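Engineer: For reference, this is start-v9.cif, and it has mmCIF, C-alpha atoms.
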```
data_data
#
loop_
_atom_site.group_PDB
_atom_site.id
_atom_site.type_symbol
_atom_site.label_atom_id
_atom_site.label_comp_id
_atom_site.auth_asym_id
_atom_site.auth_seq_id
_atom_site.Cartn_x
_atom_site.Cartn_y
_atom_site.Cartn_z
ATOM 1 C CA MET A 109 123.944 303.607 105.653
ATOM 2 C CA LYS A 110 126.901 303.953 103.357
ATOM 3 C CA THR A 111 129.001 301.726 105.659
ATOM 4 C CA ALA A 112 126.286 299.083 105.744
ATOM 5 C CA THR A 113 126.166 298.992 101.947
ATOM 6 C CA LYS A 114 129.925 298.679 101.833
ATOM 7 C CA ASN A 115 129.774 295.816 104.329
ATOM 8 C CA ASP A 116 127.046 294.093 102.310
ATOM 9 C CA LYS A 117 129.154 294.314 99.189
ATOM 10 C CA ALA A 118 132.190 292.959 101.008
ATOM 11 C CA THR A 119 130.118 290.093 102.402
ATOM 12 C CA ALA A 120 128.669 289.294 98.988
ATOM 13 C CA LEU A 121 132.164 289.184 97.498
ATOM 14 C CA ARG A 122 133.450 287.072 100.352
ATOM 15 C CA VAL A 123 130.610 284.582 99.936
ATOM 16 C CA ALA A 124 131.229 284.511 96.180
ATOM 17 C CA ALA A 125 134.928 283.861 96.755
ATOM 18 C CA TRP A 126 134.233 281.020 99.188
ATOM 19 C CA CYS A 127 131.736 279.452 96.783
ATOM 20 C CA LEU A 128 134.393 279.524 94.084
ATOM 21 C CA VAL A 129 137.085 278.143 96.387
ATOM 22 C CA TRP A 130 134.852 275.244 97.443
ATOM 23 C CA GLY A 131 133.737 274.723 93.857
ATOM 24 C CA TYR A 132 137.396 274.490 92.834
ATOM 25 C CA ALA A 133 138.107 272.081 95.671
ATOM 26 C CA VAL A 134 135.162 269.786 94.914
ATOM 27 C CA LEU A 135 135.863 269.666 91.184
ATOM 28 C CA LEU A 136 139.559 269.095 91.808
ATOM 29 C CA GLY A 137 138.525 266.238 94.083
ATOM 30 C CA THR A 138 136.697 264.589 91.187
ATOM 31 C CA LEU A 139 140.020 264.257 89.356
ATOM 32 C CA MET A 140 141.362 262.202 92.228
ATOM 33 C CA ILE A 141 138.310 260.309 93.482
ATOM 34 C CA ARG A 142 137.070 258.418 90.460
ATOM 35 C CA HIS A 143 134.338 256.393 92.120
ATOM 36 C CA PRO A 144 131.009 256.653 90.252
ATOM 37 C CA VAL A 145 128.993 257.536 93.343
ATOM 38 C CA ALA A 146 131.433 260.270 94.322
ATOM 39 C CA LEU A 147 131.510 261.683 90.801
ATOM 40 C CA THR A 148 127.723 261.659 90.555
ATOM 41 C CA VAL A 149 127.492 263.833 93.645
ATOM 42 C CA MET A 150 130.656 265.910 93.302
ATOM 43 C CA ILE A 151 130.420 267.072 89.686
ATOM 44 C CA PRO A 152 126.967 268.677 90.017
ATOM 45 C CA LEU A 153 127.894 270.057 93.450
ATOM 46 C CA GLY A 154 131.184 271.584 92.276
ATOM 47 C CA GLY A 155 129.579 272.965 89.126
ATOM 48 C CA ALA A 156 126.728 274.479 91.164
ATOM 49 C CA LEU A 157 129.124 276.104 93.634
ATOM 50 C CA ILE A 158 131.156 277.683 90.846
ATOM 51 C CA ALA A 159 127.993 278.862 89.103
ATOM 52 C CA LEU A 160 126.738 280.339 92.399
ATOM 53 C CA GLY A 161 130.082 282.088 92.992
ATOM 54 C CA ILE A 162 130.005 283.640 89.528
ATOM 55 C CA LEU A 163 126.377 284.677 89.988
ATOM 56 C CA LEU A 164 127.068 286.314 93.344
ATOM 57 C CA TRP A 165 130.087 288.134 91.974
ATOM 58 C CA LEU A 166 128.141 289.431 88.976
ATOM 59 C CA ARG A 167 125.334 290.506 91.319
ATOM 60 C CA ALA A 168 127.809 292.460 93.434
ATOM 61 C CA VAL A 169 129.269 294.095 90.337
ATOM 62 C CA VAL A 170 125.830 295.083 89.063
ATOM 63 C CA ALA A 171 124.859 296.415 92.515
ATOM 64 C CA GLU A 172 127.972 298.566 92.588
ATOM 65 C CA ALA A 173 127.326 299.812 89.081
ATOM 66 C CA ARG A 174 123.780 300.781 90.123
ATOM 67 C CA THR A 175 125.028 302.808 93.074
ATOM 68 C CA LYS A 176 127.144 304.787 90.619
ATOM 69 C CA ASP A 177 124.197 305.149 88.202
ATOM 70 C CA MET A 178 126.107 303.262 85.523
ATOM 71 C CA VAL A 179 123.187 300.952 84.745
ATOM 72 C CA MET B 1038 143.496 266.795 83.793
ATOM 73 C CA TRP B 1039 146.734 268.704 84.310
ATOM 74 C CA ILE B 1040 145.200 271.746 82.633
ATOM 75 C CA SER B 1041 142.412 271.646 85.217
ATOM 76 C CA ILE B 1042 144.876 271.446 88.096
ATOM 77 C CA VAL B 1043 146.964 274.352 86.772
ATOM 78 C CA LEU B 1044 143.815 276.427 86.223
ATOM 79 C CA ALA B 1045 142.619 275.670 89.754
ATOM 80 C CA VAL B 1046 145.933 276.723 91.298
ATOM 81 C CA VAL B 1047 146.075 279.943 89.250
ATOM 82 C CA GLY B 1048 142.419 280.659 90.034
ATOM 83 C CA LEU B 1049 142.896 280.183 93.767
ATOM 84 C CA ILE B 1050 145.990 282.409 93.793
ATOM 85 C CA LEU B 1051 144.094 285.114 91.906
ATOM 86 C CA LEU B 1052 141.116 284.846 94.257
ATOM 87 C CA ILE B 1053 143.353 285.288 97.290
ATOM 88 C CA ALA B 1054 145.157 288.192 95.625
ATOM 89 C CA VAL B 1055 141.921 289.960 94.684
ATOM 90 C CA MET B 1056 140.219 289.400 98.038
ATOM 91 C CA GLY B 1057 143.303 290.582 99.932
ATOM 92 C CA SER B 1058 143.637 293.736 97.908
ATOM 93 C CA GLN B 1059 142.024 297.051 98.816
ATOM 94 C CA ARG B 1060 142.809 298.631 95.473
ATOM 95 C CA ALA B 1061 140.137 299.382 92.920
ATOM 96 C CA ALA B 1062 142.295 300.362 89.982
ATOM 97 C CA ARG B 1063 141.342 299.202 86.481
ATOM 98 C CA GLY B 1064 143.993 296.456 86.445
ATOM 99 C CA TRP B 1065 142.598 294.950 89.624
ATOM 100 C CA ARG B 1066 139.091 294.971 88.231
ATOM 101 C CA THR B 1067 140.296 292.990 85.249
ATOM 102 C CA LEU B 1068 142.079 290.629 87.595
ATOM 103 C CA ALA B 1069 138.900 290.274 89.653
ATOM 104 C CA PHE B 1070 136.935 289.441 86.499
ATOM 105 C CA VAL B 1071 139.449 286.759 85.592
ATOM 106 C CA ALA B 1072 139.507 285.364 89.152
ATOM 107 C CA PHE B 1073 135.759 285.414 89.722
ATOM 108 C CA CYS B 1074 134.345 284.765 86.299
ATOM 109 C CA ALA B 1075 136.613 283.697 83.438
ATOM 110 C CA LEU B 1076 138.895 281.193 85.158
ATOM 111 C CA PRO B 1077 136.156 279.342 87.062
ATOM 112 C CA VAL B 1078 134.228 278.801 83.835
ATOM 113 C CA VAL B 1079 137.282 277.457 81.993
ATOM 114 C CA PHE B 1080 138.285 275.362 85.000
ATOM 115 C CA ALA B 1081 134.820 273.847 85.402
ATOM 116 C CA ALA B 1082 134.634 273.113 81.671
ATOM 117 C CA THR B 1083 138.034 271.372 81.545
ATOM 118 C CA THR B 1084 137.401 269.373 84.717
ATOM 119 C CA ILE B 1085 133.977 268.218 83.611
ATOM 120 C CA GLN B 1086 135.386 267.321 80.180
ATOM 121 C CA ALA B 1087 138.206 265.315 81.797
ATOM 122 C CA ASN B 1088 135.654 263.497 83.958
ATOM 123 C CA LEU B 1089 133.342 262.815 81.029
ATOM 124 C CA ASN B 1090 136.242 261.189 79.179
ATOM 125 C CA GLN B 1091 136.997 259.098 82.240
ATOM 126 C CA MET B 1092 133.352 258.020 82.450
ATOM 127 C CA LYS B 1093 133.515 256.549 78.940
ATOM 128 C CA ARG B 1094 136.057 253.953 80.015
ATOM 129 C CA VAL B 1095 135.180 250.313 80.608
ATOM 130 C CA GLN B 1096 137.171 250.478 83.819
ATOM 131 C CA PHE B 1097 134.799 253.170 85.085
ATOM 132 C CA CYS B 1098 131.660 251.140 84.305
ATOM 133 C CA GLY B 1099 133.237 248.163 86.006
ATOM 134 C CA SER B 1100 133.928 250.103 89.181
ATOM 135 C CA CYS B 1101 130.337 249.418 90.299
ATOM 136 C CA HIS B 1102 130.119 245.914 91.745
ATOM 137 C CA VAL B 1103 126.879 245.114 89.916
ATOM 138 C CA MET B 1104 128.659 245.575 86.590
ATOM 139 C CA GLU B 1105 131.546 243.240 87.298
ATOM 140 C CA ASN B 1106 130.027 240.246 85.488
ATOM 141 C CA HIS B 1107 129.151 242.359 82.467
ATOM 142 C CA VAL B 1108 132.674 243.709 82.204
ATOM 143 C CA ALA B 1109 134.172 240.269 82.798
ATOM 144 C CA SER B 1110 132.001 238.847 80.007
ATOM 145 C CA LEU B 1111 133.740 241.112 77.496
ATOM 146 C CA THR B 1112 136.944 239.136 77.524
ATOM 147 C CA TYR B 1113 135.630 235.575 77.517
ATOM 148 C CA ASP B 1114 136.515 233.551 74.518
ATOM 149 C CA ASP B 1115 133.055 232.837 73.171
ATOM 150 C CA ASP B 1116 131.553 233.794 69.841
ATOM 151 C CA GLU B 1117 127.970 233.952 71.026
ATOM 152 C CA PRO B 1118 127.530 237.036 73.222
ATOM 153 C CA LEU B 1119 127.683 240.204 71.148
ATOM 154 C CA ALA B 1120 129.611 242.117 73.795
ATOM 155 C CA SER B 1121 132.415 239.582 73.809
ATOM 156 C CA VAL B 1122 132.580 239.341 70.004
ATOM 157 C CA HIS B 1123 132.709 243.117 69.581
ATOM 158 C CA TYR B 1124 135.243 243.625 72.332
ATOM 159 C CA ARG B 1125 137.680 240.852 71.491
ATOM 160 C CA ASN B 1126 137.678 241.586 67.779
ATOM 161 C CA ASN B 1127 138.108 245.305 68.354
ATOM 162 C CA TYR B 1128 134.869 246.116 66.514
ATOM 163 C CA VAL B 1129 134.457 248.846 69.106
ATOM 164 C CA GLU B 1130 137.223 250.779 70.795
ATOM 165 C CA GLN B 1131 138.123 248.466 73.648
ATOM 166 C CA ASP B 1132 138.622 251.153 76.239
ATOM 167 C CA HIS B 1133 135.179 252.639 75.453
ATOM 168 C CA ALA B 1134 133.288 249.417 74.711
ATOM 169 C CA CYS B 1135 130.351 249.973 77.106
ATOM 170 C CA TYR B 1136 129.921 253.552 75.973
ATOM 171 C CA SER B 1137 130.083 252.657 72.266
ATOM 172 C CA CYS B 1138 127.186 250.203 72.454
ATOM 173 C CA HIS B 1139 125.028 251.576 75.271
ATOM 174 C CA VAL B 1140 124.978 255.319 74.673
ATOM 175 C CA SER B 1141 122.665 256.648 72.003
ATOM 176 C CA TYR B 1142 124.371 258.314 69.060
ATOM 177 C CA ALA B 1143 121.649 260.962 68.999
ATOM 178 C CA MET B 1144 122.475 264.551 69.909
ATOM 179 C CA PHE B 1145 121.589 264.269 73.588
ATOM 180 C CA GLY B 1146 122.649 260.638 73.963
ATOM 181 C CA PRO B 1147 125.600 261.383 76.266
ATOM 182 C CA VAL B 1148 123.419 263.688 78.410
ATOM 183 C CA LYS B 1149 120.784 260.965 78.706
ATOM 184 C CA ALA B 1150 123.522 258.501 79.632
ATOM 185 C CA LYS B 1151 124.682 260.758 82.464
ATOM 186 C CA MET B 1152 121.105 261.166 83.710
ATOM 187 C CA ASN B 1153 120.719 257.390 83.645
ATOM 188 C CA GLY B 1154 124.011 257.130 85.528
ATOM 189 C CA MET B 1155 122.497 259.228 88.300
ATOM 190 C CA ARG B 1156 119.455 256.930 88.278
ATOM 191 C CA HIS B 1157 121.815 253.947 88.576
ATOM 192 C CA VAL B 1158 123.405 255.463 91.661
ATOM 193 C CA TRP B 1159 120.020 256.271 93.186
ATOM 194 C CA ALA B 1160 118.756 252.754 92.498
ATOM 195 C CA TYR B 1161 121.935 251.239 93.874
ATOM 196 C CA VAL B 1162 121.694 253.211 97.094
ATOM 197 C CA THR B 1163 117.947 252.789 97.653
ATOM 198 C CA LYS B 1164 117.326 249.226 96.477
ATOM 199 C CA LYS B 1165 118.570 246.224 98.340
ATOM 200 C CA ASP B 1166 118.370 243.671 95.553
ATOM 201 C CA HIS B 1167 121.170 244.158 93.021
ATOM 202 C CA SER B 1168 121.113 240.613 91.740
ATOM 203 C CA LYS B 1169 119.713 241.474 88.317
ATOM 204 C CA ILE B 1170 119.979 244.677 86.361
ATOM 205 C CA GLU B 1171 117.995 245.477 83.252
ATOM 206 C CA LEU B 1172 117.982 248.073 80.519
ATOM 207 C CA TYR B 1173 115.559 250.962 81.048
ATOM 208 C CA GLU B 1174 114.125 250.434 77.591
ATOM 209 C CA PRO B 1175 114.527 247.888 74.782
ATOM 210 C CA TYR B 1176 117.929 248.083 73.134
ATOM 211 C CA SER B 1177 117.732 250.419 70.176
ATOM 212 C CA ASN B 1178 118.637 249.153 66.700
ATOM 213 C CA ASP B 1179 120.099 252.585 65.991
ATOM 214 C CA ASN B 1180 123.117 251.743 68.111
ATOM 215 C CA CYS B 1181 123.790 248.635 65.996
ATOM 216 C CA LEU B 1182 123.073 250.348 62.699
ATOM 217 C CA HIS B 1183 125.356 253.261 63.512
ATOM 218 C CA CYS B 1184 128.255 250.980 62.573
ATOM 219 C CA HIS B 1185 126.638 248.073 60.741
ATOM 220 C CA GLY B 1186 123.965 249.938 58.785
ATOM 221 C CA SER B 1187 126.175 251.044 55.952
ATOM 222 C CA SER B 1188 128.349 247.944 55.982
ATOM 223 C CA GLN B 1189 128.159 245.892 52.804
ATOM 224 C CA ARG B 1190 129.078 242.796 54.759
ATOM 225 C CA PHE B 1191 126.082 243.330 57.056
ATOM 226 C CA ARG B 1192 123.683 243.969 54.197
ATOM 227 C CA GLU B 1193 124.808 240.907 52.283
ATOM 228 C CA VAL B 1194 124.334 238.424 55.117
ATOM 229 C CA GLU B 1195 121.993 235.757 53.761
ATOM 230 C CA ASP B 1196 119.483 236.061 56.599
ATOM 231 C CA HIS B 1197 119.317 239.815 56.095
ATOM 232 C CA MET B 1198 118.410 239.393 52.422
ATOM 233 C CA GLU B 1199 115.681 236.771 52.750
ATOM 234 C CA GLU B 1200 112.861 239.254 53.110
ATOM 235 C CA ASP B 1201 112.445 242.174 50.720
ATOM 236 C CA ASN B 1202 111.850 244.781 53.363
ATOM 237 C CA PHE B 1203 113.979 243.222 56.069
ATOM 238 C CA LEU B 1204 116.444 246.084 56.419
ATOM 239 C CA ALA B 1205 113.634 248.660 56.329
ATOM 240 C CA ARG B 1206 111.951 246.866 59.225
ATOM 241 C CA VAL B 1207 115.207 246.812 61.162
ATOM 242 C CA GLU B 1208 115.856 250.497 60.478
ATOM 243 C CA SER B 1209 112.355 251.457 61.593
ATOM 244 C CA GLY B 1210 112.765 249.466 64.797
ATOM 245 C CA GLU B 1211 109.861 247.164 63.929
ATOM 246 C CA LEU B 1212 112.249 244.230 64.030
ATOM 247 C CA SER B 1213 114.719 244.241 66.884
ATOM 248 C CA CYS B 1214 118.246 243.026 66.266
ATOM 249 C CA LEU B 1215 118.414 241.612 69.777
ATOM 250 C CA SER B 1216 114.978 240.460 70.800
ATOM 251 C CA SER B 1217 113.719 238.889 67.571
ATOM 252 C CA GLY B 1218 115.581 235.655 68.130
ATOM 253 C CA CYS B 1219 118.562 236.555 65.960
ATOM 254 C CA HIS B 1220 121.241 238.162 68.136
ATOM 255 C CA ASP B 1221 119.653 237.803 71.528
ATOM 256 C CA GLU B 1222 122.748 237.156 73.607
ATOM 257 C CA GLY B 1223 124.186 240.537 74.561
ATOM 258 C CA HIS B 1224 126.068 239.641 77.718
ATOM 259 C CA TYR B 1225 126.265 236.659 79.961
ATOM 260 C CA TRP B 1226 125.245 238.821 82.863
ATOM 261 C CA ASP B 1227 124.181 236.215 85.385
ATOM 262 C CA GLY B 1228 127.579 235.198 86.612
ATOM 263 C CA LYS B 1229 127.982 232.359 84.139
ATOM 264 C CA TYR B 1230 131.481 233.604 83.498
ATOM 265 C CA ASP B 1231 132.518 234.309 87.023
ATOM 266 C CA SER B 1232 135.741 232.860 88.338
ATOM 267 C CA GLY B 1233 134.303 229.426 89.023
ATOM 268 C CA ALA B 1234 132.383 229.164 85.786
ATOM 269 C CA SER B 1235 134.996 227.166 83.932
ATOM 270 C CA ASP B 1236 134.167 224.201 86.129
ATOM 271 C CA ASP B 1237 130.520 224.378 85.125
ATOM 272 C CA GLU B 1238 129.299 221.758 82.653
ATOM 273 C CA SER B 1239 127.319 224.209 80.563
ATOM 274 C CA TRP B 1240 130.447 226.329 80.156
ATOM 275 C CA ASP B 1241 132.448 223.283 79.011
ATOM 276 C CA GLU B 1242 129.832 222.575 76.375
ATOM 277 C CA THR B 1243 129.913 226.089 74.987
ATOM 278 C CA PRO B 1244 131.968 226.175 71.798
ATOM 279 C CA SER B 1245 135.089 228.229 72.214
ATOM 280 C CA ASP B 1246 137.062 229.327 69.228
ATOM 281 C CA SER B 1247 139.677 232.037 69.288
ATOM 282 C CA SER B 1248 139.248 232.700 65.552
ATOM 283 C CA ALA B 1249 136.056 234.575 66.297
ATOM 284 C CA ALA B 1250 133.364 235.075 63.723
ATOM 285 C CA PRO B 1251 132.247 238.635 62.996
ATOM 286 C CA ALA B 1252 129.160 239.898 64.793
ATOM 287 C CA GLU B 1253 127.071 239.885 61.628
ATOM 288 C CA SER B 1254 127.469 236.155 61.164
ATOM 289 C CA THR B 1255 127.161 235.198 64.812
ATOM 290 C CA GLU B 1256 124.507 232.569 65.158
ATOM 291 C CA VAL B 1257 122.438 232.095 68.238
ATOM 292 C CA ASN B 1258 122.818 228.744 69.862
ATOM 293 C CA ASP B 1259 119.315 228.052 71.121
ATOM 294 C CA GLU B 1260 120.415 224.853 72.754
ATOM 295 C CA ASP B 1261 122.715 226.632 75.105
ATOM 296 C CA GLY B 1262 119.805 227.212 77.460
ATOM 297 C CA ASP B 1263 121.342 230.259 79.163
#
```
If you took the structure in this file and wrote it as structure tokens, what would it be?

Structural biologist:
Amino acid sequence: MKTATKNDKATALRVAAWCLVWGYAVLLGTLMIRHPVALTVMIPLGGALIALGILLWLRAVVAEARTKDMV
Amino acid sequence: MWISIVLAVVGLILLIAVMGSQRAARGWRTLAFVAFCALPVVFAATTIQANLNQMKRVQFCGSCHVMENHVASLTYDDDEPLASVHYRNNYVEQDHACYSCHVSYAMFGPVKAKMNGMRHVWAYVTKKDHSKIELYEPYSNDNCLHCHGSSQRFREVEDHMEEDNFLARVESGELSCLSSGCHDEGHYWDGKYDSGASDDESWDETPSDSSAAPAESTEVNDEDGD
């Protein structure tokens, strides 16, 4: 059970990290591709990926804090 | 822009460092916070800000094919269309000319402009006919009055002083600057000024004077028939 929880946490962090990496990549792409259609799609997408990454990371942190009865 | 790139590189390095580390010491937790939370927020903010600045440029508006005639009409030597008069005489910042006149100066004006931009893209992708584009709503006097409203020169124009409550009617929006028959030529949007337009008879008849009159005193030439 303990191992499963540890794996879940690792997966959550990995997913968060990948969301951030892709968010970085998409937003960086907007600095190079300046076409209106691309920007209209890429800015919300990149912003959403970064927001999701942050959310997942915070969720993992809160989950860990709960297991230690900190919150 | 360069700040965004530096932040992205630092953020990615930190992410790799944190994910590759098995340590859970206090220093690493701080590093993880910076990599997962602080840096992405700053990066996203700087990138979006850089893009928003880019989107204010005339060059950006002109990158859609349907806007090419509008952008081209800015530089034509004609004192009738407001866009051309404002652009050529530097009444608005030339690099941000579209943005200056078409984005509301209200608090959420830029947000509304971005939402409309998304509507433009959707309309462009889903509709086949791009021959004529129109404003979503009547042009607001507020955008004109933002600059002209407090101008003495604007207030003292003879036509503006004929009626007692003329300026009050303009400020309330009851009387439109553009659609009341006074300044009704915003752009020559219909390709009149495309590359072959100089051969057109109607273009030859249009008065062209490089010593342009200010926008306030621009008179509408009803005989132009455009």

Engineer: What does the structure give for the distance between atom CA of Leu1215 of chain B and atom CA of Lys1093 of chain B, in Å to one decimal?

Structural biologist: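 Atom CA of Leu1215 of chain B sits 23.1 Å away from atom CA of Lys1093 of chain B.
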
Engineer: So that all listed atoms of segment 1143-1153 of chain B fit with 6 Å spare on each side, what axis-aligned box centre and edge lengths in Å, to one decimal, would you give as JSON?

Structural biologist:
```
{"center_x": 123.2, "center_y": 261.0, "center_z": 76.4, "size_x": 16.9, "size_y": 19.2, "size_z": 26.7}
```

Engineer: Please write as a list in words the full residue list that the PyMOL selection byres ((chain B) within 8 of (chain A)) yields on this file.

Structural biologist: Met1038, Ser1041, Ile1042, Ala1045, Leu1049, Leu1052, Met1056, Phe1073, Cys1074, Pro1077, Val1078, Phe1080, Ala1081, Thr1084, Ile1085, Ala1087, Asn1088, Phe1097, Ser1100, Cys1101, Gly1154, Met1155 and Val1158 of chain B

Engineer: Any idea what's packed within 12 Å of Ala1160 of chain B, counting all atoms listed in the file, ignoring anything in its chain fewer than 5 positions away? Could you give it as a ChimeraX atom specification?

Structural biologist: /A:145 /B:1103,1153-1155,1165-1167,1170-1171

Engineer: At what distance in Å, to one decimal, does atom CA of Glu1195 of chain B lie from atom CA of Ala1134 of chain B?

Structural biologist: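 Between atom CA of Ala1134 of chain B and atom CA of Glu1195 of chain B the gap works out to 27.4 Å.
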
Engineer: Can you pull out every residue within 7 Å of Glu1222 of chain B, counting all atoms listed in the file, but drop anything in the same chain fewer than 4 positions away, and send it as a list in words?

Structural biologist: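 Near Glu1222 of chain B, the qualifying residues are Glu1117, Pro1118 and Leu1119 of chain B.
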
Engineer: Do you have the atom CA of Gly1223 of chain B-atom CA of Ala1205 of chain B distance handy?

Structural biologist: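 Interatomic distance here is 22.6 Å.
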
Engineer: Apply the PyMOL selection byres ((chain B and resi 1124-1131) around 12) to the displayed file and report the matching residues as an mmCIF file with C-alpha atoms, in the coordinates of the input.

Structural biologist:
```cif
data_model
loop_
_atom_site.group_PDB
_atom_site.id
_atom_site.type_symbol
_atom_site.label_atom_id
_atom_site.label_comp_id
_atom_site.auth_asym_id
_atom_site.auth_seq_id
_atom_site.Cartn_x
_atom_site.Cartn_y
_atom_site.Cartn_z
ATOM 1 C CA LYS B 1093 133.515 256.549 78.940
ATOM 2 C CA ARG B 1094 136.057 253.953 80.015
ATOM 3 C CA VAL B 1095 135.180 250.313 80.608
ATOM 4 C CA GLN B 1096 137.171 250.478 83.819
ATOM 5 C CA HIS B 1107 129.151 242.359 82.467
ATOM 6 C CA VAL B 1108 132.674 243.709 82.204
ATOM 7 C CA ALA B 1109 134.172 240.269 82.798
ATOM 8 C CA SER B 1110 132.001 238.847 80.007
ATOM 9 C CA LEU B 1111 133.740 241.112 77.496
ATOM 10 C CA THR B 1112 136.944 239.136 77.524
ATOM 11 C CA TYR B 1113 135.630 235.575 77.517
ATOM 12 C CA ASP B 1114 136.515 233.551 74.518
ATOM 13 C CA ASP B 1115 133.055 232.837 73.171
ATOM 14 C CA ASP B 1116 131.553 233.794 69.841
ATOM 15 C CA GLU B 1117 127.970 233.952 71.026
ATOM 16 C CA PRO B 1118 127.530 237.036 73.222
ATOM 17 C CA LEU B 1119 127.683 240.204 71.148
ATOM 18 C CA ALA B 1120 129.611 242.117 73.795
ATOM 19 C CA SER B 1121 132.415 239.582 73.809
ATOM 20 C CA VAL B 1122 132.580 239.341 70.004
ATOM 21 C CA HIS B 1123 132.709 243.117 69.581
ATOM 22 C CA ASP B 1132 138.622 251.153 76.239
ATOM 23 C CA HIS B 1133 135.179 252.639 75.453
ATOM 24 C CA ALA B 1134 133.288 249.417 74.711
ATOM 25 C CA CYS B 1135 130.351 249.973 77.106
ATOM 26 C CA TYR B 1136 129.921 253.552 75.973
ATOM 27 C CA SER B 1137 130.083 252.657 72.266
ATOM 28 C CA CYS B 1138 127.186 250.203 72.454
ATOM 29 C CA HIS B 1139 125.028 251.576 75.271
ATOM 30 C CA ASN B 1180 123.117 251.743 68.111
ATOM 31 C CA CYS B 1181 123.790 248.635 65.996
ATOM 32 C CA HIS B 1183 125.356 253.261 63.512
ATOM 33 C CA CYS B 1184 128.255 250.980 62.573
ATOM 34 C CA HIS B 1185 126.638 248.073 60.741
ATOM 35 C CA GLY B 1223 124.186 240.537 74.561
ATOM 36 C CA HIS B 1224 126.068 239.641 77.718
ATOM 37 C CA ASP B 1246 137.062 229.327 69.228
ATOM 38 C CA SER B 1247 139.677 232.037 69.288
ATOM 39 C CA SER B 1248 139.248 232.700 65.552
ATOM 40 C CA ALA B 1249 136.056 234.575 66.297
ATOM 41 C CA ALA B 1250 133.364 235.075 63.723
ATOM 42 C CA PRO B 1251 132.247 238.635 62.996
ATOM 43 C CA ALA B 1252 129.160 239.898 64.793
ATOM 44 C CA GLU B 1253 127.071 239.885 61.628
#
```
